[in-house]
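J.: Questions regarding the structure given below will be posed in turn.
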Amino acid sequence: MVLRVATWNVNSVTARTERVVGWLGSAKPDVVCLQELKTTDEGFPTDQVAALGYEAATWGTGRWNGVAILSRVGLAEVRRGWPGLPEFDGVLEPRALTATCGPVRVTCVYVPNGREVGHPHYDYKLSWLDSLSRAVTEPARAEVPFAVLGDFNIAPTDADVWDISLFADSTHVTAPERARLADLEGRGLVEIHPRALKYDKPFTYWDYRQLAFPKNNGMRIDLVFGNEAFAGAVSDAFVDREERKGKGASDHAPVVVDLTV
DNA sequence: ATGGCCTGATCTTCAGGA
């Protein structure tokens, strides 16, 4: 079967409901990982996505963070986080959700931002990523197609930001962060590189400020890592840049991966 | 015009985002 899997940081599913529902209807993904819901489980527009045929697993606690997995090919064995998931300021934040959706198992992640190098949130980001690596060790080796996908808040290479000279001493591009991505690859996951539909680089995020989108001052921080079974089934992958356009857009564009499984 | 954003809550100002 052909399966379309996507990840998208929606920057508030409440503010974005119309755009999310519209995109589901036009892109017709089978499985979607959403990040930054910025609402509670009760606040998620479950009925509106159900009307399009999607089951929804959510983990949202309020104003910050929040992740969901939508599926129209089945939704089973849902797990919130994993044992050993670090807390920040004593709070277990809703940043990871895993589910089996038909033939694939997916882990949806919203990796901590880090704020500034040296900030406690940066240390939290690195610890969180270490915890992720441990959590994916087993599914990475499994025969079931598995992917971890979401907003990693890391640009894998210098080419994944519009101007690396502006990122000296910044989060998102540091060696310790990138080492965590390499660690995922060391556990048998490979990065699925999306095509850009315009310009040369498949950026996934453009700041709302300073005309970043029209200038294409973007970053590629929404990433997909698949195990061998998942990567071997990929037929196409691209960034749906069109969704970043217009009034009421998220500051992130969806990353879409097509599989033949 | 040489700076230009968006969200939700603590709500007319702020933190956080990246």
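Within each chain, counting starts at residue 1; across the structure tokens, chains are named A, B, ... in the order shown, with ligands numbered 1 upward in that order.
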Please tabulate, as CSV, the residues of chain B that come within 7 Å of chain A, each with its closest pair of atoms and the distance in Å to one decimal, counting only C-alpha atoms (C1' of nucleotides) and ordering rows by chain, then residue number upward.
T.:
```
residue,atom,partner,partner_atom,distance
B:DG4,C1',A:Gln210,CA,5.4
B:DC5,C1',A:Tyr208,CA,4.5
B:DG8,C1',A:Arg63,CA,6.1
```
J.: Restricted to N, CA and C atoms (P, O5', C5', C4', C3', O3' and C1' of nucleotides), what would the selected residues look like written as a PDB file, in the first residue's frame?
T.:
```pdb
ATOM      1  P    DG B   4      10.720  46.602  14.312  1.00  0.00           P
ATOM      2  O5'  DG B   4       9.623  45.809  13.478  1.00  0.00           O
ATOM      3  C5'  DG B   4       8.426  46.475  13.081  1.00  0.00           C
ATOM      4  C4'  DG B   4       7.924  45.876  11.779  1.00  0.00           C
ATOM      5  C3'  DG B   4       7.726  44.359  11.834  1.00  0.00           C
ATOM      6  O3'  DG B   4       6.327  44.101  12.003  1.00  0.00           O
ATOM      7  C1'  DG B   4       8.768  45.075   9.791  1.00  0.00           C
ATOM      8  P    DC B   5       5.778  43.255  13.236  1.00  0.00           P
ATOM      9  O5'  DC B   5       6.332  41.791  12.979  1.00  0.00           O
ATOM     10  C5'  DC B   5       6.085  41.107  11.763  1.00  0.00           C
ATOM     11  C4'  DC B   5       5.613  39.699  12.075  1.00  0.00           C
ATOM     12  C3'  DC B   5       4.222  39.628  12.685  1.00  0.00           C
ATOM     13  O3'  DC B   5       3.517  38.578  12.047  1.00  0.00           O
ATOM     14  C1'  DC B   5       5.767  38.554  14.112  1.00  0.00           C
ATOM     15  P    DG B   8      -3.600  30.760  20.541  1.00  0.00           P
ATOM     16  O5'  DG B   8      -3.242  30.808  22.085  1.00  0.00           O
ATOM     17  C5'  DG B   8      -2.478  29.768  22.663  1.00  0.00           C
ATOM     18  C4'  DG B   8      -2.162  30.124  24.095  1.00  0.00           C
ATOM     19  C3'  DG B   8      -3.403  30.410  24.934  1.00  0.00           C
ATOM     20  O3'  DG B   8      -3.185  29.886  26.234  1.00  0.00           O
ATOM     21  C1'  DG B   8      -2.001  32.299  24.950  1.00  0.00           C
TER      22       DG B   8
END
```
J.: Pull the helix (DSSP H, G or I) assignments for range 58-213 of chain A out of DSSP run on the backbone, and list those residues as a PyMOL selection string.
T.: chain A and resi 120-141+158-160+164-167+175-186
J.: Save the residues we just selected, N, CA and C atoms, as a short mmCIF file (atom, residue, chain, number, x, y, z; two decimals), in the first residue's frame?
T.:
```cif
data_model
loop_
_atom_site.label_atom_id
_atom_site.label_comp_id
_atom_site.auth_asym_id
_atom_site.auth_seq_id
_atom_site.Cartn_x
_atom_site.Cartn_y
_atom_site.Cartn_z
N PRO A 120 19.86 26.45 31.38
CA PRO A 120 19.38 25.13 31.83
C PRO A 120 18.51 24.43 30.78
N HIS A 121 17.82 25.20 29.97
CA HIS A 121 16.97 24.59 28.94
C HIS A 121 17.81 23.91 27.85
N TYR A 122 19.03 24.42 27.65
CA TYR A 122 19.94 23.80 26.67
C TYR A 122 20.42 22.45 27.20
N ASP A 123 20.76 22.39 28.47
CA ASP A 123 21.15 21.12 29.07
C ASP A 123 19.98 20.13 29.05
N TYR A 124 18.80 20.66 29.30
CA TYR A 124 17.57 19.85 29.21
C TYR A 124 17.41 19.29 27.79
N LYS A 125 17.65 20.14 26.80
CA LYS A 125 17.54 19.70 25.40
C LYS A 125 18.47 18.52 25.13
N LEU A 126 19.72 18.62 25.57
CA LEU A 126 20.70 17.55 25.33
C LEU A 126 20.30 16.29 26.09
N SER A 127 19.87 16.43 27.33
CA SER A 127 19.45 15.26 28.11
C SER A 127 18.22 14.61 27.48
N TRP A 128 17.33 15.46 27.00
CA TRP A 128 16.09 14.97 26.37
C TRP A 128 16.44 14.13 25.13
N LEU A 129 17.41 14.63 24.36
CA LEU A 129 17.83 13.92 23.16
C LEU A 129 18.56 12.62 23.50
N ASP A 130 19.32 12.62 24.59
CA ASP A 130 19.96 11.38 25.04
C ASP A 130 18.89 10.34 25.40
N SER A 131 17.86 10.83 26.06
CA SER A 131 16.76 9.96 26.44
C SER A 131 16.03 9.42 25.21
N LEU A 132 15.87 10.27 24.20
CA LEU A 132 15.25 9.84 22.94
C LEU A 132 16.07 8.72 22.30
N SER A 133 17.38 8.89 22.28
CA SER A 133 18.24 7.87 21.67
C SER A 133 18.04 6.51 22.33
N ARG A 134 17.98 6.52 23.64
CA ARG A 134 17.75 5.25 24.35
C ARG A 134 16.38 4.67 23.99
N ALA A 135 15.40 5.56 23.89
CA ALA A 135 14.04 5.08 23.63
C ALA A 135 13.87 4.49 22.23
N VAL A 136 14.66 4.96 21.27
CA VAL A 136 14.48 4.46 19.90
C VAL A 136 15.39 3.28 19.57
N THR A 137 16.24 2.91 20.51
CA THR A 137 17.21 1.84 20.23
C THR A 137 16.52 0.56 19.75
N GLU A 138 15.47 0.18 20.49
CA GLU A 138 14.80 -1.08 20.14
C GLU A 138 14.00 -0.98 18.83
N PRO A 139 13.12 0.01 18.66
CA PRO A 139 12.39 0.08 17.38
C PRO A 139 13.29 0.35 16.19
N ALA A 140 14.45 0.96 16.41
CA ALA A 140 15.37 1.20 15.29
C ALA A 140 15.86 -0.12 14.70
N ARG A 141 15.97 -1.11 15.56
CA ARG A 141 16.47 -2.42 15.11
C ARG A 141 15.36 -3.34 14.62
N ASP A 158 25.40 23.10 8.44
CA ASP A 158 25.42 24.56 8.24
C ASP A 158 24.56 24.97 7.04
N ALA A 159 24.41 24.08 6.07
CA ALA A 159 23.60 24.39 4.89
C ALA A 159 22.11 24.41 5.21
N ASP A 160 21.76 24.00 6.41
CA ASP A 160 20.34 23.93 6.78
C ASP A 160 19.84 25.19 7.47
N ILE A 164 24.74 30.86 7.95
CA ILE A 164 25.36 30.30 9.15
C ILE A 164 26.15 31.36 9.92
N SER A 165 26.56 32.42 9.25
CA SER A 165 27.35 33.44 9.95
C SER A 165 26.54 34.15 11.02
N LEU A 166 25.22 34.06 10.91
CA LEU A 166 24.36 34.71 11.90
C LEU A 166 24.10 33.82 13.12
N PHE A 167 24.65 32.61 13.10
CA PHE A 167 24.33 31.63 14.13
C PHE A 167 25.50 31.33 15.06
N ALA A 175 27.69 21.77 18.03
CA ALA A 175 28.20 20.41 17.89
C ALA A 175 27.52 19.42 18.84
N PRO A 176 27.28 19.79 20.11
CA PRO A 176 26.62 18.82 20.99
C PRO A 176 25.21 18.45 20.50
N GLU A 177 24.49 19.42 19.96
CA GLU A 177 23.16 19.11 19.43
C GLU A 177 23.27 18.17 18.22
N ARG A 178 24.17 18.51 17.32
CA ARG A 178 24.34 17.68 16.12
C ARG A 178 24.86 16.29 16.46
N ALA A 179 25.64 16.20 17.54
CA ALA A 179 26.14 14.89 17.96
C ALA A 179 24.98 13.98 18.36
N ARG A 180 23.92 14.58 18.90
CA ARG A 180 22.74 13.78 19.28
C ARG A 180 22.04 13.24 18.03
N LEU A 181 22.03 13.99 16.95
CA LEU A 181 21.46 13.47 15.71
C LEU A 181 22.32 12.32 15.18
N ALA A 182 23.64 12.51 15.27
CA ALA A 182 24.54 11.44 14.83
C ALA A 182 24.33 10.18 15.66
N ASP A 183 24.02 10.37 16.93
CA ASP A 183 23.78 9.23 17.79
C ASP A 183 22.53 8.45 17.36
N LEU A 184 21.51 9.17 16.93
CA LEU A 184 20.32 8.48 16.40
C LEU A 184 20.71 7.62 15.20
N GLU A 185 21.56 8.19 14.35
CA GLU A 185 22.00 7.45 13.16
C GLU A 185 22.86 6.25 13.55
N GLY A 186 23.62 6.41 14.63
CA GLY A 186 24.44 5.31 15.11
C GLY A 186 23.62 4.14 15.61
#
```
J.: Using backbone DSSP assignments, extract all strand (DSSP E or B) residues from range 9-76 of chain A; output them as a PyMOL selection string.
T.: chain A and resi 9+31-35+40+55-59+61+67-71+76
J.: Measure the distance from CA of Arg244 in chain A to CA of Pro94 in chain A in Å and round it to one decimal.
T.: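 Rounded to one decimal, the two atoms are 24.6 Å apart.
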J.: Just give me the gap between CA of Leu85 in chain A and CA of Thr7 in chain A in Å, one decimal is fine.
T.: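 One can read the CA of Leu85 in chain A to CA of Thr7 in chain A distance as 21.2 Å.
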J.: Near Val67 in chain A, counting only C-alpha atoms (C1' of nucleotides), which residues have an atom at most 12 Å away, once you skip same-chain residues fewer than 3 positions from it, shown as a PyMOL selection string?
T.: chain A and resi 7-13+32-41+44+56-62+64+70+79-81+93-99+107-111+149-151
J.: CA of Arg4 in chain A and CA of Lys28 in chain A, how far apart in Å?
T.: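 Here the two named atoms are 7.8 Å from each other.
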J.: Considering only C-alpha atoms, state which residue in the set A:Leu92, A:Val256, A:Val5, A:Ile192 is at the smallest distance from Phe238 in chain A.
T.: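 Among the listed residues, the smallest separation from Phe238 in chain A belongs to A:Val256.
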